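*Asks:* Before I ask anything, let me first share the structure, which is written out below as structure tokens.
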Amino acid sequence: MAAVGDASCVPDTEFDCRNKPEALKLKAAAMVAILVAGAFGVALPLVGRRLKVIRPDGNVFFLAKALAAGVILATGFVHILPDAMEALTNQCLAEVPWRKFPFAGFIAMIAALGTLVVDFAGTEYFEKKHASKKQAISEAIGSEHDSIYAAASSDPEHGGVNGGASGSSERANQMHIVGMRAHASSHRHSHPEGHHSCMDSTHAHSHGHVGHAHGTPEDEHTTIRHVVISQVLELGIVTHSVIIGLSLGVSQSPCTIRPLLAALSFHQFFEGFALGGCISQAGFKSWSSSCMAFFFSVTTPLGIGMGMGISEIYKANSPKALIMEGFFNSVSAGILVYMSLVDLIAADFISKRMRCDRRLQLMSYLALFTGALAMSSLALWA
């Protein structure tokens with residue numbers, strides 16, 4: 001193992017382009033630029049749900065989310081996972097076991113499988129919680145109706161014991177309402193897949209949010225999924241944002257910081273948009289949405305600040321630093337690859353709405369590949 005601080009373990013660019021005053025200015029600019037880009041990206045869908053153009057049920061939002069999903073997928077595969085592999089196979093680490101086994105890919109795989117378990121457990125938990133709350137409300141409403149009906153039955157003036165025809169008419173009206181509700185319930189589940197299903201989907205979409213006001217089990221499950229997705233996605237993004245911020249903050253090389261500034265601002269904006277879209281679709285309260293958006297926006301700038309604070313004592317190529325960086329980057333890559341493929345891309349691209357709109361389908365694929373290729377191309381500079 002190479003000694004800590006050995007010249008053979010330090011990249012040549014750190015010697016050739018080392019300039020602390022210039023690097024400090026670039027770090028300060030990076031903190032501001034990344035903060036603004038992240039905050040704007042995550043806030044756009046949250047504010048946009050009040051605007052017709054980019055509200056969550058609009059095509060523009062759908063295409064932007066596909067673009068952001070491509071950016072996140074490329075971030076995991078092209079940027080984070082290779083960085084993890086480089087860190088865990090670095091010459092500063094012992095050959096055994098680090099260069100004898102692909103730890104980066106293995107850790108990423110375990111992280112992806114762990115995300116699957118968390119995804120499933122979180123969805124099940126929120127579904128049970130929602131069902132319990134719904135049952136409690138139903139029981140409370142049923143108890144209130146029983147009380148009203150009992151009072152009406154015992155009141156002669158309102159068709160009670162001596163109410164005669166008036167009481168019969170009241171009971172008939174109640175039975176008619178029950179029948180209407182039963183018919184509506186069966187109507188929601190009676191449409192087969194196919195042409196009529198697409199017509200129903202288009203009709204519901206044309207009414208905007210009104211189409212979701214019925215509270216069907218499918219709508220409720222979709223909302224729950226967005227609650228889980230937004231929280232797990234933020235976990236994955238925040239994990240690698242801290243590592244990226246630390247890496248930029250400890251660097252004293254303007255040649256390293258300049259390309260990172262542009263690349264991080266770009267990918268922070270689109271990661272923020274994808275996260276903000278999930279938060280918006282989850283229907284969180286304003287306070288919860290604001291907290292999640294704020295936490296995402298400040299994580300990378302805080303990481304840069306922490307890196308600046310420890311830059312004098314932090315050895316980027318020390319074995320401990322390399323192992324920690326490689327481990328967390330591998331975990332982040334696994335989470336982001338899983339979330340982008342399963343919860344962002346597959347969930348939208350296999351949806352009824354996508355299947356029923358060929359034009360939207362084509363545009364979404366174009367947006368997805370554009371985002372993935374654009375983010376991948378940044379690997380040439382950062």
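Residues are named by chain letter and number: chains run A, B, ... in the order of the structure tokens, numbers start at 1 in each chain, and ligands are numbered from 1 in the order shown.
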List the neighbours of Gly70 (chain A) out to 10 Å using only C-alpha atoms; skip same-chain residues closer than 6 positions along the sequence, and give me the result as a compact mmCIF listing (two decimals) with C-alpha atoms, in the first residue's frame.
*Replies:*
```
# COMPACT_ATOMS: atom_id res chain seq x y z
CA ALA A 64 -39.69 17.27 -18.53
CA PHE A 270 -32.78 18.15 -13.42
CA GLU A 271 -32.46 15.99 -10.31
CA SER A 340 -34.69 5.99 -12.39
CA LEU A 341 -35.43 2.67 -14.13
CA LEU A 344 -39.46 7.04 -12.85
CA ILE A 345 -39.05 5.46 -16.29
CA TYR A 365 -38.68 8.61 -25.52
CA ALA A 367 -36.80 13.47 -24.02
CA LEU A 368 -35.52 10.43 -22.09
CA PHE A 369 -32.68 9.73 -24.53
CA THR A 370 -31.84 13.43 -24.80
CA GLY A 371 -31.46 13.72 -21.03
CA ALA A 372 -29.37 10.55 -20.78
CA LEU A 373 -27.06 11.49 -23.68
CA ALA A 374 -26.67 15.11 -22.55
CA MET A 375 -25.68 14.08 -19.02
CA SER A 376 -23.39 11.35 -20.35
```
*Asks:* Please provide as a PyMOL selection string all residues within 6 Å of region 111-113 of chain A, with the sequence filter that same-chain residues fewer than 3 positions apart are discarded (counting only C-alpha atoms).
*Replies:* chain A and resi 108+116+331+334-335+338
*Asks:* For Gly236 (chain A), please output as a list in words all residues within 7 Å (counting only C-alpha atoms; exclusion window: fewer than 4 positions along the same chain).
*Replies:*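 Residues near the query, excluding close chain neighbours: Val232, His240, Ser332, Ile335 and Leu336 of chain A.
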*Asks:* Set the distance at 10 Å and use only C-alpha atoms: which residues neighbour region 218-227 of chain A once local chain neighbours fewer than 5 positions away are removed? I'd like the list as a PDB file with N, CA and C atoms, in the first residue's frame.
*Replies:*
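Final file, result.pdb:
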```pdb
ATOM      1  N   ASP A 119     -38.668   0.175  -0.872  1.00  0.00           N
ATOM      2  CA  ASP A 119     -39.765   0.603  -1.734  1.00  0.00           C
ATOM      3  C   ASP A 119     -41.022  -0.203  -1.442  1.00  0.00           C
ATOM      4  N   PHE A 120     -40.873  -1.526  -1.373  1.00  0.00           N
ATOM      5  CA  PHE A 120     -42.015  -2.399  -1.108  1.00  0.00           C
ATOM      6  C   PHE A 120     -42.565  -2.194   0.304  1.00  0.00           C
ATOM      7  N   GLY A 122     -42.183   0.386   2.313  1.00  0.00           N
ATOM      8  CA  GLY A 122     -42.765   1.720   2.468  1.00  0.00           C
ATOM      9  C   GLY A 122     -44.149   1.817   1.850  1.00  0.00           C
ATOM     10  N   THR A 123     -44.300   1.229   0.652  1.00  0.00           N
ATOM     11  CA  THR A 123     -45.607   1.245  -0.005  1.00  0.00           C
ATOM     12  C   THR A 123     -46.641   0.489   0.824  1.00  0.00           C
ATOM     13  N   GLU A 124     -46.255  -0.683   1.342  1.00  0.00           N
ATOM     14  CA  GLU A 124     -47.179  -1.481   2.163  1.00  0.00           C
ATOM     15  C   GLU A 124     -47.569  -0.734   3.435  1.00  0.00           C
ATOM     16  N   TYR A 125     -46.595  -0.078   4.060  1.00  0.00           N
ATOM     17  CA  TYR A 125     -46.859   0.659   5.300  1.00  0.00           C
ATOM     18  C   TYR A 125     -47.857   1.793   5.064  1.00  0.00           C
ATOM     19  N   PHE A 126     -47.610   2.595   4.014  1.00  0.00           N
ATOM     20  CA  PHE A 126     -48.490   3.734   3.742  1.00  0.00           C
ATOM     21  C   PHE A 126     -49.872   3.278   3.279  1.00  0.00           C
ATOM     22  N   GLU A 127     -49.947   2.148   2.567  1.00  0.00           N
ATOM     23  CA  GLU A 127     -51.257   1.625   2.154  1.00  0.00           C
ATOM     24  C   GLU A 127     -52.075   1.199   3.373  1.00  0.00           C
ATOM     25  N   HIS A 130     -53.156   4.322   5.231  1.00  0.00           N
ATOM     26  CA  HIS A 130     -54.249   4.984   4.523  1.00  0.00           C
ATOM     27  C   HIS A 130     -55.552   4.216   4.681  1.00  0.00           C
ATOM     28  N   ALA A 131     -55.478   2.870   4.614  1.00  0.00           N
ATOM     29  CA  ALA A 131     -56.685   2.052   4.758  1.00  0.00           C
ATOM     30  C   ALA A 131     -57.280   2.192   6.159  1.00  0.00           C
ATOM     31  N   ARG A 188     -66.522   2.139 -11.785  1.00  0.00           N
ATOM     32  CA  ARG A 188     -65.113   2.463 -11.781  1.00  0.00           C
ATOM     33  C   ARG A 188     -64.250   1.255 -12.082  1.00  0.00           C
ATOM     34  N   HIS A 189     -64.719   0.051 -11.783  1.00  0.00           N
ATOM     35  CA  HIS A 189     -63.902  -1.149 -11.937  1.00  0.00           C
ATOM     36  C   HIS A 189     -64.365  -2.037 -13.084  1.00  0.00           C
ATOM     37  N   GLY A 211     -60.677  14.817 -12.685  1.00  0.00           N
ATOM     38  CA  GLY A 211     -60.720  13.389 -12.989  1.00  0.00           C
ATOM     39  C   GLY A 211     -60.205  12.543 -11.860  1.00  0.00           C
ATOM     40  N   HIS A 212     -59.447  13.128 -10.931  1.00  0.00           N
ATOM     41  CA  HIS A 212     -58.875  12.364  -9.825  1.00  0.00           C
ATOM     42  C   HIS A 212     -59.666  12.551  -8.538  1.00  0.00           C
ATOM     43  N   ALA A 213     -60.720  13.250  -8.622  1.00  0.00           N
ATOM     44  CA  ALA A 213     -61.465  13.569  -7.409  1.00  0.00           C
ATOM     45  C   ALA A 213     -62.312  12.405  -6.914  1.00  0.00           C
ATOM     46  N   VAL A 232     -37.548   8.026  -1.042  1.00  0.00           N
ATOM     47  CA  VAL A 232     -36.390   7.182  -1.361  1.00  0.00           C
ATOM     48  C   VAL A 232     -35.478   7.883  -2.368  1.00  0.00           C
ATOM     49  N   GLY A 277     -41.131  16.959  -8.952  1.00  0.00           N
ATOM     50  CA  GLY A 277     -42.301  16.356  -9.595  1.00  0.00           C
ATOM     51  C   GLY A 277     -42.917  15.256  -8.750  1.00  0.00           C
ATOM     52  N   CYS A 278     -42.063  14.412  -8.163  1.00  0.00           N
ATOM     53  CA  CYS A 278     -42.567  13.333  -7.299  1.00  0.00           C
ATOM     54  C   CYS A 278     -43.228  13.895  -6.044  1.00  0.00           C
ATOM     55  N   ILE A 279     -42.608  14.932  -5.466  1.00  0.00           N
ATOM     56  CA  ILE A 279     -43.187  15.570  -4.278  1.00  0.00           C
ATOM     57  C   ILE A 279     -44.542  16.174  -4.612  1.00  0.00           C
ATOM     58  N   SER A 280     -44.624  16.835  -5.776  1.00  0.00           N
ATOM     59  CA  SER A 280     -45.879  17.454  -6.199  1.00  0.00           C
ATOM     60  C   SER A 280     -46.975  16.406  -6.401  1.00  0.00           C
ATOM     61  N   GLN A 281     -46.630  15.298  -7.060  1.00  0.00           N
ATOM     62  CA  GLN A 281     -47.611  14.240  -7.313  1.00  0.00           C
ATOM     63  C   GLN A 281     -47.996  13.490  -6.046  1.00  0.00           C
ATOM     64  N   ALA A 282     -47.114  13.498  -5.043  1.00  0.00           N
ATOM     65  CA  ALA A 282     -47.424  12.813  -3.785  1.00  0.00           C
ATOM     66  C   ALA A 282     -48.463  13.559  -2.961  1.00  0.00           C
ATOM     67  N   GLY A 283     -48.630  14.862  -3.241  1.00  0.00           N
ATOM     68  CA  GLY A 283     -49.645  15.636  -2.526  1.00  0.00           C
ATOM     69  C   GLY A 283     -49.280  15.950  -1.091  1.00  0.00           C
ATOM     70  N   PHE A 284     -47.992  16.150  -0.804  1.00  0.00           N
ATOM     71  CA  PHE A 284     -47.582  16.514   0.551  1.00  0.00           C
ATOM     72  C   PHE A 284     -48.152  17.884   0.916  1.00  0.00           C
ATOM     73  N   ASP A 343     -38.938   3.363 -10.811  1.00  0.00           N
ATOM     74  CA  ASP A 343     -39.970   4.268 -10.291  1.00  0.00           C
ATOM     75  C   ASP A 343     -40.212   5.506 -11.147  1.00  0.00           C
ATOM     76  N   LEU A 344     -39.254   5.874 -11.989  1.00  0.00           N
ATOM     77  CA  LEU A 344     -39.457   7.041 -12.845  1.00  0.00           C
ATOM     78  C   LEU A 344     -39.759   6.645 -14.291  1.00  0.00           C
ATOM     79  N   ALA A 347     -42.488   3.287 -14.464  1.00  0.00           N
ATOM     80  CA  ALA A 347     -43.803   3.675 -13.947  1.00  0.00           C
ATOM     81  C   ALA A 347     -44.559   4.571 -14.922  1.00  0.00           C
TER      82      ALA A 347
END
```
